[in-house]
file structure_22.cif (mmCIF, C-alpha atoms)
data_run
#
loop_
_atom_site.label_atom_id
_atom_site.label_comp_id
_atom_site.auth_asym_id
_atom_site.auth_seq_id
_atom_site.Cartn_x
_atom_site.Cartn_y
_atom_site.Cartn_z
CA MET A 1 98.45 70.81 -31.68
CA ARG A 2 99.91 71.97 -28.40
CA ALA A 3 102.13 74.78 -27.11
CA SER A 4 104.05 74.27 -23.88
CA ASN A 5 105.80 76.90 -21.79
CA LEU A 6 106.25 79.34 -24.70
CA SER A 7 108.31 82.45 -24.09
CA LYS A 8 109.59 85.28 -26.27
CA HIS A 9 111.80 88.31 -25.64
CA TYR A 10 112.60 91.25 -27.87
CA GLY A 11 115.95 92.43 -26.65
CA THR A 12 115.65 92.53 -22.88
CA THR A 13 111.88 93.04 -22.96
CA PRO A 14 109.77 89.94 -22.19
CA VAL A 15 106.73 89.75 -24.47
CA VAL A 16 105.41 86.25 -23.77
CA GLY A 17 106.23 83.99 -20.86
CA SER A 18 105.21 80.46 -19.85
CA VAL A 19 102.22 80.16 -22.19
CA ASP A 20 100.50 76.77 -22.56
CA ILE A 21 97.83 76.30 -25.22
CA GLU A 22 96.03 73.23 -26.50
CA LEU A 23 94.11 73.31 -29.79
CA PRO A 24 91.45 70.57 -30.00
CA ARG A 25 90.62 69.40 -33.50
CA GLY A 26 87.60 70.83 -35.31
CA ARG A 27 87.01 73.69 -32.89
CA VAL A 28 87.19 77.49 -32.90
CA ILE A 29 89.66 78.86 -30.35
CA SER A 30 89.91 82.61 -29.73
CA LEU A 31 92.82 84.53 -28.25
CA ILE A 32 91.64 87.71 -26.53
CA GLY A 33 93.21 90.32 -24.29
CA PRO A 34 94.23 93.98 -24.19
CA ASN A 35 96.76 95.57 -26.53
CA GLY A 36 100.27 94.34 -25.88
CA ALA A 37 99.09 91.13 -24.22
CA GLY A 38 101.14 88.97 -26.61
CA LYS A 39 98.32 87.52 -28.71
CA SER A 40 99.91 88.06 -32.13
CA THR A 41 103.29 86.91 -30.84
CA VAL A 42 101.74 83.67 -29.62
CA MET A 43 99.99 83.26 -32.97
CA GLY A 44 103.32 83.79 -34.74
CA MET A 45 104.95 81.08 -32.64
CA LEU A 46 102.06 78.67 -33.28
CA SER A 47 102.61 79.10 -37.02
CA ARG A 48 106.46 79.12 -36.82
CA LEU A 49 106.62 82.61 -38.28
CA ILE A 50 108.26 83.54 -34.96
CA TRP A 51 110.73 81.28 -33.19
CA PRO A 52 110.17 81.00 -29.42
CA ASP A 53 113.01 81.73 -27.06
CA GLY A 54 111.73 79.00 -24.77
CA GLY A 55 109.17 76.23 -24.77
CA GLU A 56 107.89 74.24 -27.72
CA VAL A 57 105.00 73.83 -30.12
CA THR A 58 104.14 70.30 -31.20
CA LEU A 59 101.98 69.13 -34.10
CA GLU A 60 100.90 65.50 -34.35
CA GLY A 61 103.31 64.77 -31.52
CA ARG A 62 106.30 66.24 -33.36
CA PRO A 63 108.09 69.48 -32.48
CA LEU A 64 107.14 72.18 -34.96
CA ARG A 65 110.83 72.88 -35.60
CA SER A 66 111.25 69.35 -37.00
CA TRP A 67 108.75 69.88 -39.83
CA ASN A 68 110.06 71.05 -43.17
CA SER A 69 108.29 74.03 -44.69
CA THR A 70 106.41 72.09 -47.36
CA GLU A 71 105.06 69.56 -44.87
CA LEU A 72 104.03 72.28 -42.46
CA SER A 73 102.26 74.36 -45.11
CA LYS A 74 100.03 71.36 -45.83
CA ARG A 75 98.87 71.35 -42.22
CA ILE A 76 98.83 74.99 -41.08
CA ALA A 77 97.55 78.05 -42.94
CA ILE A 78 97.95 81.51 -41.44
CA LEU A 79 96.57 84.90 -42.38
CA THR A 80 98.45 87.72 -40.72
CA GLN A 81 97.16 91.24 -40.10
CA GLN A 82 98.95 92.52 -43.19
CA ASN A 83 97.55 90.89 -46.32
CA ASN A 84 98.28 93.69 -48.79
CA LEU A 85 99.63 92.55 -52.15
CA ASP A 86 101.58 94.61 -54.65
CA MET A 87 100.85 92.21 -57.51
CA LYS A 88 97.84 92.64 -59.77
CA LEU A 89 95.93 89.43 -59.04
CA THR A 90 92.41 88.24 -59.62
CA VAL A 91 90.49 86.47 -56.88
CA ARG A 92 90.97 83.13 -58.65
CA GLU A 93 94.72 83.69 -58.96
CA LEU A 94 95.00 84.57 -55.28
CA VAL A 95 93.03 81.51 -54.19
CA SER A 96 95.24 79.36 -56.44
CA PHE A 97 98.23 80.31 -54.28
CA GLY A 98 96.76 77.99 -51.67
CA ARG A 99 97.75 75.04 -53.85
CA PHE A 100 101.43 76.05 -54.01
CA PRO A 101 102.59 73.55 -51.33
CA TYR A 102 101.19 70.71 -53.42
CA SER A 103 101.82 71.56 -57.07
CA ARG A 104 103.99 74.67 -57.01
CA THR A 105 103.07 76.69 -60.11
CA ARG A 106 101.80 73.74 -62.17
CA LEU A 107 98.28 73.21 -60.96
CA THR A 108 96.68 69.88 -61.76
CA ARG A 109 93.05 69.25 -62.62
CA GLU A 110 92.50 68.31 -58.97
CA ASP A 111 94.12 71.58 -57.83
CA HIS A 112 91.83 73.60 -60.06
CA ALA A 113 88.80 71.73 -58.70
CA ILE A 114 89.86 72.47 -55.11
CA VAL A 115 90.33 76.15 -55.97
CA GLU A 116 86.84 76.33 -57.48
CA ARG A 117 85.31 74.64 -54.44
CA ALA A 118 87.00 77.17 -52.15
CA ILE A 119 85.72 80.05 -54.30
CA ASP A 120 82.21 78.61 -54.23
CA TYR A 121 82.36 77.99 -50.49
CA MET A 122 83.16 81.64 -49.86
CA GLU A 123 80.50 82.72 -52.40
CA LEU A 124 83.10 84.48 -54.53
CA GLY A 125 82.03 83.09 -57.91
CA PRO A 126 80.77 86.45 -59.27
CA LEU A 127 84.06 88.07 -58.17
CA ALA A 128 86.46 85.38 -59.36
CA GLU A 129 87.83 87.44 -62.26
CA ARG A 130 87.89 90.73 -60.37
CA PHE A 131 91.23 92.12 -59.23
CA ILE A 132 91.88 92.03 -55.50
CA ASP A 133 92.57 95.76 -55.31
CA GLU A 134 89.10 96.44 -56.72
CA LEU A 135 87.31 94.66 -53.87
CA SER A 136 85.94 95.93 -50.59
CA GLY A 137 87.70 95.04 -47.35
CA GLY A 138 85.20 92.30 -46.57
CA GLU A 139 85.50 90.80 -50.05
CA ARG A 140 89.30 90.78 -49.80
CA GLN A 141 89.12 89.01 -46.45
CA ARG A 142 86.83 86.38 -47.95
CA ALA A 143 89.27 85.89 -50.82
CA HIS A 144 92.19 85.37 -48.42
CA ILE A 145 90.16 82.88 -46.40
CA ALA A 146 89.29 81.06 -49.64
CA MET A 147 93.04 80.82 -50.28
CA ALA A 148 93.48 79.27 -46.83
CA ILE A 149 90.66 76.81 -47.53
CA ALA A 150 92.30 75.85 -50.84
CA GLN A 151 95.51 75.17 -48.90
CA ASP A 152 93.55 72.27 -47.39
CA THR A 153 95.10 72.38 -43.92
CA ASP A 154 93.80 71.03 -40.64
CA TYR A 155 94.63 74.29 -38.85
CA ILE A 156 93.76 77.83 -39.95
CA LEU A 157 95.23 80.71 -37.93
CA LEU A 158 93.65 84.16 -38.35
CA ASP A 159 95.31 87.18 -36.73
CA GLU A 160 92.70 89.90 -36.14
CA PRO A 161 90.66 89.07 -39.27
CA THR A 162 87.89 91.53 -38.34
CA ASN A 163 90.21 94.54 -38.18
CA ASN A 164 89.02 97.45 -40.33
CA LEU A 165 85.75 95.69 -41.20
CA ASP A 166 82.34 97.14 -40.53
CA ILE A 167 79.85 95.24 -38.37
CA TYR A 168 78.18 93.52 -41.30
CA HIS A 169 81.39 92.20 -42.86
CA ALA A 170 82.99 91.34 -39.52
CA THR A 171 79.94 89.33 -38.49
CA ALA A 172 79.80 87.58 -41.86
CA LEU A 173 83.46 86.67 -41.53
CA MET A 174 82.96 85.20 -38.05
CA ARG A 175 80.03 83.14 -39.34
CA THR A 176 82.41 81.77 -41.95
CA VAL A 177 84.94 80.93 -39.24
CA ARG A 178 82.23 78.95 -37.44
CA ARG A 179 81.34 77.11 -40.66
CA LEU A 180 84.97 76.15 -41.26
CA ALA A 181 84.91 74.20 -37.99
CA ASP A 182 81.37 72.85 -38.18
CA GLU A 183 81.19 71.94 -41.87
CA LEU A 184 84.80 71.30 -42.88
CA GLY A 185 86.24 70.09 -39.59
CA ARG A 186 88.98 72.71 -39.53
CA THR A 187 90.59 73.89 -36.30
CA VAL A 188 90.47 77.68 -36.41
CA VAL A 189 92.49 79.92 -34.09
CA VAL A 190 91.46 83.57 -34.11
CA VAL A 191 93.03 86.62 -32.48
CA LEU A 192 90.18 89.00 -31.65
CA HIS A 193 89.78 92.40 -30.01
CA GLU A 194 85.98 92.28 -30.08
CA ILE A 195 85.34 89.88 -27.23
CA ASN A 196 81.67 89.42 -28.09
CA TYR A 197 82.68 87.77 -31.36
CA ALA A 198 84.87 85.45 -29.32
CA ALA A 199 81.93 84.71 -27.01
CA PHE A 200 79.41 84.07 -29.76
CA TYR A 201 81.46 82.07 -32.25
CA SER A 202 84.13 80.24 -30.22
CA ASP A 203 84.28 76.91 -28.48
CA TYR A 204 87.24 77.83 -26.29
CA VAL A 205 88.84 81.11 -25.26
CA TYR A 206 92.34 81.97 -24.06
CA ALA A 207 92.60 85.39 -22.44
CA LEU A 208 96.11 86.83 -22.34
CA LYS A 209 97.43 89.64 -20.19
CA ASP A 210 101.03 90.86 -19.90
CA GLY A 211 102.30 87.96 -21.99
CA ALA A 212 100.68 85.23 -19.89
CA VAL A 213 97.45 83.24 -20.00
CA ALA A 214 95.20 84.95 -17.45
CA ALA A 215 92.16 82.74 -18.11
CA LYS A 216 91.29 79.81 -20.34
CA GLY A 217 88.42 77.44 -20.91
CA THR A 218 85.02 77.33 -22.51
CA VAL A 219 83.13 80.51 -23.34
CA GLU A 220 81.06 80.05 -20.19
CA GLU A 221 84.18 79.76 -18.05
CA VAL A 222 85.98 82.82 -19.43
CA MET A 223 83.13 85.20 -20.27
CA ARG A 224 82.42 86.14 -16.68
CA ARG A 225 82.27 89.56 -15.08
CA ASP A 226 85.04 88.92 -12.56
CA VAL A 227 87.37 87.37 -15.14
CA LEU A 228 86.96 90.03 -17.83
CA SER A 229 87.11 92.95 -15.40
CA LYS A 230 90.42 91.69 -14.04
CA ILE A 231 91.92 91.20 -17.49
CA TYR A 232 90.79 94.48 -19.08
CA GLY A 233 90.66 96.75 -16.04
CA VAL A 234 87.13 98.01 -16.73
CA ASP A 235 83.73 97.07 -15.33
CA PHE A 236 81.66 94.53 -17.21
CA GLU A 237 78.09 93.36 -17.20
CA ILE A 238 77.24 90.00 -18.73
CA ILE A 239 73.97 89.45 -20.57
CA ARG A 240 72.76 86.38 -22.43
CA VAL A 241 71.76 86.38 -26.10
CA LYS A 242 70.69 83.12 -27.73
CA ASP A 243 72.03 81.34 -24.65
CA ARG A 244 75.48 82.90 -25.08
CA PRO A 245 77.13 85.15 -22.46
CA LEU A 246 77.83 88.51 -24.11
CA SER A 247 79.50 91.46 -22.42
CA LEU A 248 78.69 95.11 -21.89
CA TYR A 249 81.57 97.22 -20.58
CA TYR A 250 81.67 100.74 -19.25
#
call {"tool": "encode", "arguments": {"input": "structure_22.cif", "output": "structure tokens"}}
result
Amino acid sequence: MRASNLSKHYGTTPVVGSVDIELPRGRVISLIGPNGAGKSTVMGMLSRLIWPDGGEVTLEGRPLRSWNSTELSKRIAILTQQNNLDMKLTVRELVSFGRFPYSRTRLTREDHAIVERAIDYMELGPLAERFIDELSGGERQRAHIAMAIAQDTDYILLDEPTNNLDIYHATALMRTVRRLADELGRTVVVVLHEINYAAFYSDYVYALKDGAVAAKGTVEEVMRRDVLSKIYGVDFEIIRVKDRPLSLYY
């Protein structure tokens, strides 16, 4: 999957301009940057929830605009920042929504088996019959990711999945993101504000500033004092933990 020269305006205000992104298969790619950098807008264009004003996203060599919705939903799953549901659903019912592109509302035996595997993978078995609105924030996030797993796509896009989670649940979620790539071969794209999660769990990082890619590359290439200080406008110190470059800012 590749994005070339993406741009987006809201009215006369440019939000994203000339963004190029490549998403290698089976890797975790993080989008970082300050507020207003254009991260969520880029994520929206990668998923076709937002149409670009310029440039193009291609999947399997085909422009994203040429895919019909059913085809695309079998290849890309996205979880936006707003995952609140008004319906009274159990965890199992929510995860079953991931099979909609394949069987609509008539789930087959195979669909049910895939749903159960996704529930087991996210360790949600004891919560399967609980209603979503009865769960903690971390449990709800796990249920939504189980739905994405059940969708059985090559690409999973997560827009700020650690928002409003405490350290324990945010860390557990990022470990799950890593497992999705390492164990299931998924390509996971994550918008993150906590850059140390990006450093510790990603393979590649794109740092955005003012709607443009200010830095890109491996964690080692992007998580540097000079790079981060320029992007965020604060001083950084880089330390190493388990051979990963983590940041301290002040």
call {"tool": "resolve_selection", "arguments": {"input": "structure_22.cif", "expression": "the PyMOL selection byres ((chain A and resi 4-18) around 6)", "output": "PyMOL selection string"}}
result
chain A and resi 3+19-20+38+52-56+211-212
call {"tool": "resolve_selection", "arguments": {"input": "structure_22.cif", "expression": "the PyMOL selection byres ((chain A and resi 198) around 10)", "output": "NGL selection string"}}
result
:A and (28-32 or 174 or 190-197 or 199-206 or 219 or 223 or 246)
call {"tool": "residues_around", "arguments": {"input": "structure_22.cif", "residues": "Arg140 of chain A", "least_positions_apart": "4", "cutoff": "10 Å", "atoms": "only C-alpha atoms", "output": "PyMOL selection string"}}
result
chain A and resi 83-84+91+131-136+144-146
call {"tool": "residues_around", "arguments": {"input": "structure_22.cif", "residues": "Ala214 of chain A", "least_positions_apart": "6", "cutoff": "10 Å", "atoms": "all atoms listed in the file", "output": "MDAnalysis selection string"}}
result
chainID A and resid 19 33 37 206:208 222 227:228 230:231
call {"tool": "residues_around", "arguments": {"input": "structure_22.cif", "residues": "segment 179-184 of chain A", "least_positions_apart": "2", "cutoff": "8 Å", "atoms": "all atoms listed in the file", "output": "list of chain:residue names"}}
result
A:Gly26, A:Arg27, A:Val28, A:Arg175, A:Thr176, A:Val177, A:Arg186, A:Thr187, A:Val188
call {"tool": "residues_around", "arguments": {"input": "structure_22.cif", "residues": "segment 147-153 of chain A", "least_positions_apart": "5", "cutoff": "12 Å", "atoms": "all atoms listed in the file", "output": "ChimeraX atom specification"}}
result
/A:25-26,70-80,83,90-104,110-122,124,140-142,158,176-177,179-181,184-188
call {"tool": "closest_residue", "arguments": {"input": "structure_22.cif", "among": "A:Leu107, A:Ala170, A:Val213, A:Ile239", "to": "Glu139 of chain A", "atoms": "all atoms listed in the file"}}
result
A:Ala170
call {"tool": "atom_distance", "arguments": {"input": "structure_22.cif", "atom1": "atom CA of Glu237 of chain A", "atom2": "atom CA of Arg224 of chain A"}}
result
8.4 Å
call {"tool": "closest_residue", "arguments": {"input": "structure_22.cif", "among": "A:Gln81, A:Thr105, A:Ser229, A:Ser47", "to": "Pro161 of chain A", "atoms": "only C-alpha atoms"}}
result
A:Gln81
call {"tool": "atom_distance", "arguments": {"input": "structure_22.cif", "atom1": "atom CA of Asp210 of chain A", "atom2": "atom CA of Arg178 of chain A"}}
result
28.3 Å
call {"tool": "atom_distance", "arguments": {"input": "structure_22.cif", "atom1": "atom CA of Gly137 of chain A", "atom2": "atom CA of Met45 of chain A"}}
result
26.6 Å
call {"tool": "closest_residue", "arguments": {"input": "structure_22.cif", "among": "A:Thr162, A:Glu220, A:Asn68, A:Glu129", "to": "Asp243 of chain A", "atoms": "all atoms listed in the file"}}
result
A:Glu220
call {"tool": "axis_aligned_box", "arguments": {"input": "structure_22.cif", "around": "segment 227-246 of chain A", "padding_each_side": "8 Å", "output": "AutoDock Vina command-line options"}}
result
--center_x 81.3 --center_y 89.7 --center_z -20.9 --size_x 37.2 --size_y 32.7 --size_z 29.7
call {"tool": "decode", "arguments": {"input": "structure_22.cif", "residues": "segment 119-145 of chain A", "atoms": "N, CA and C atoms", "output": "compact mmCIF listing (two decimals), in the first residue's frame"}}
result
# COMPACT_ATOMS: atom_id res chain seq x y z
N ILE A 119 -11.98 -13.48 19.37
CA ILE A 119 -12.27 -13.28 20.79
C ILE A 119 -11.20 -13.94 21.65
N ASP A 120 -10.82 -15.15 21.29
CA ASP A 120 -9.79 -15.86 22.05
C ASP A 120 -8.44 -15.15 21.94
N TYR A 121 -8.12 -14.66 20.75
CA TYR A 121 -6.84 -14.00 20.53
C TYR A 121 -6.70 -12.77 21.42
N MET A 122 -7.79 -12.05 21.59
CA MET A 122 -7.78 -10.85 22.43
C MET A 122 -8.11 -11.16 23.89
N GLU A 123 -8.18 -12.46 24.23
CA GLU A 123 -8.45 -12.91 25.60
C GLU A 123 -9.73 -12.29 26.15
N LEU A 124 -10.77 -12.34 25.34
CA LEU A 124 -12.05 -11.76 25.71
C LEU A 124 -13.11 -12.82 26.02
N GLY A 125 -12.70 -14.09 26.07
CA GLY A 125 -13.67 -15.16 26.31
C GLY A 125 -14.56 -14.93 27.52
N PRO A 126 -14.00 -14.57 28.69
CA PRO A 126 -14.84 -14.36 29.87
C PRO A 126 -15.78 -13.16 29.74
N LEU A 127 -15.52 -12.29 28.76
CA LEU A 127 -16.34 -11.08 28.59
C LEU A 127 -17.26 -11.17 27.38
N ALA A 128 -17.28 -12.30 26.70
CA ALA A 128 -17.97 -12.39 25.41
C ALA A 128 -19.45 -12.05 25.49
N GLU A 129 -20.10 -12.36 26.61
CA GLU A 129 -21.53 -12.09 26.74
C GLU A 129 -21.83 -10.80 27.50
N ARG A 130 -20.78 -10.08 27.86
CA ARG A 130 -20.97 -8.80 28.54
C ARG A 130 -21.32 -7.73 27.52
N PHE A 131 -22.10 -6.74 27.93
CA PHE A 131 -22.41 -5.62 27.05
C PHE A 131 -21.24 -4.65 26.99
N ILE A 132 -21.04 -4.09 25.81
CA ILE A 132 -19.91 -3.19 25.58
C ILE A 132 -19.91 -2.03 26.57
N ASP A 133 -21.09 -1.48 26.85
CA ASP A 133 -21.13 -0.30 27.73
C ASP A 133 -20.88 -0.65 29.20
N GLU A 134 -20.68 -1.93 29.50
CA GLU A 134 -20.35 -2.35 30.86
C GLU A 134 -18.85 -2.55 31.06
N LEU A 135 -18.08 -2.38 29.97
CA LEU A 135 -16.65 -2.69 30.02
C LEU A 135 -15.83 -1.45 30.32
N SER A 136 -14.60 -1.69 30.76
CA SER A 136 -13.66 -0.59 30.95
C SER A 136 -13.18 -0.11 29.59
N GLY A 137 -12.49 1.02 29.58
CA GLY A 137 -11.98 1.56 28.33
C GLY A 137 -11.03 0.60 27.64
N GLY A 138 -10.14 -0.02 28.40
CA GLY A 138 -9.20 -0.97 27.82
C GLY A 138 -9.90 -2.19 27.25
N GLU A 139 -10.92 -2.67 27.95
CA GLU A 139 -11.66 -3.85 27.46
C GLU A 139 -12.42 -3.51 26.18
N ARG A 140 -12.99 -2.31 26.13
CA ARG A 140 -13.70 -1.90 24.90
C ARG A 140 -12.74 -1.81 23.73
N GLN A 141 -11.54 -1.27 23.97
CA GLN A 141 -10.56 -1.18 22.89
C GLN A 141 -10.19 -2.58 22.39
N ARG A 142 -10.00 -3.50 23.30
CA ARG A 142 -9.69 -4.88 22.90
C ARG A 142 -10.82 -5.48 22.09
N ALA A 143 -12.05 -5.19 22.45
CA ALA A 143 -13.19 -5.72 21.71
C ALA A 143 -13.24 -5.15 20.29
N HIS A 144 -12.94 -3.86 20.15
CA HIS A 144 -12.94 -3.26 18.81
C HIS A 144 -11.79 -3.82 17.97
N ILE A 145 -10.65 -4.08 18.59
CA ILE A 145 -9.56 -4.68 17.83
C ILE A 145 -9.90 -6.11 17.45
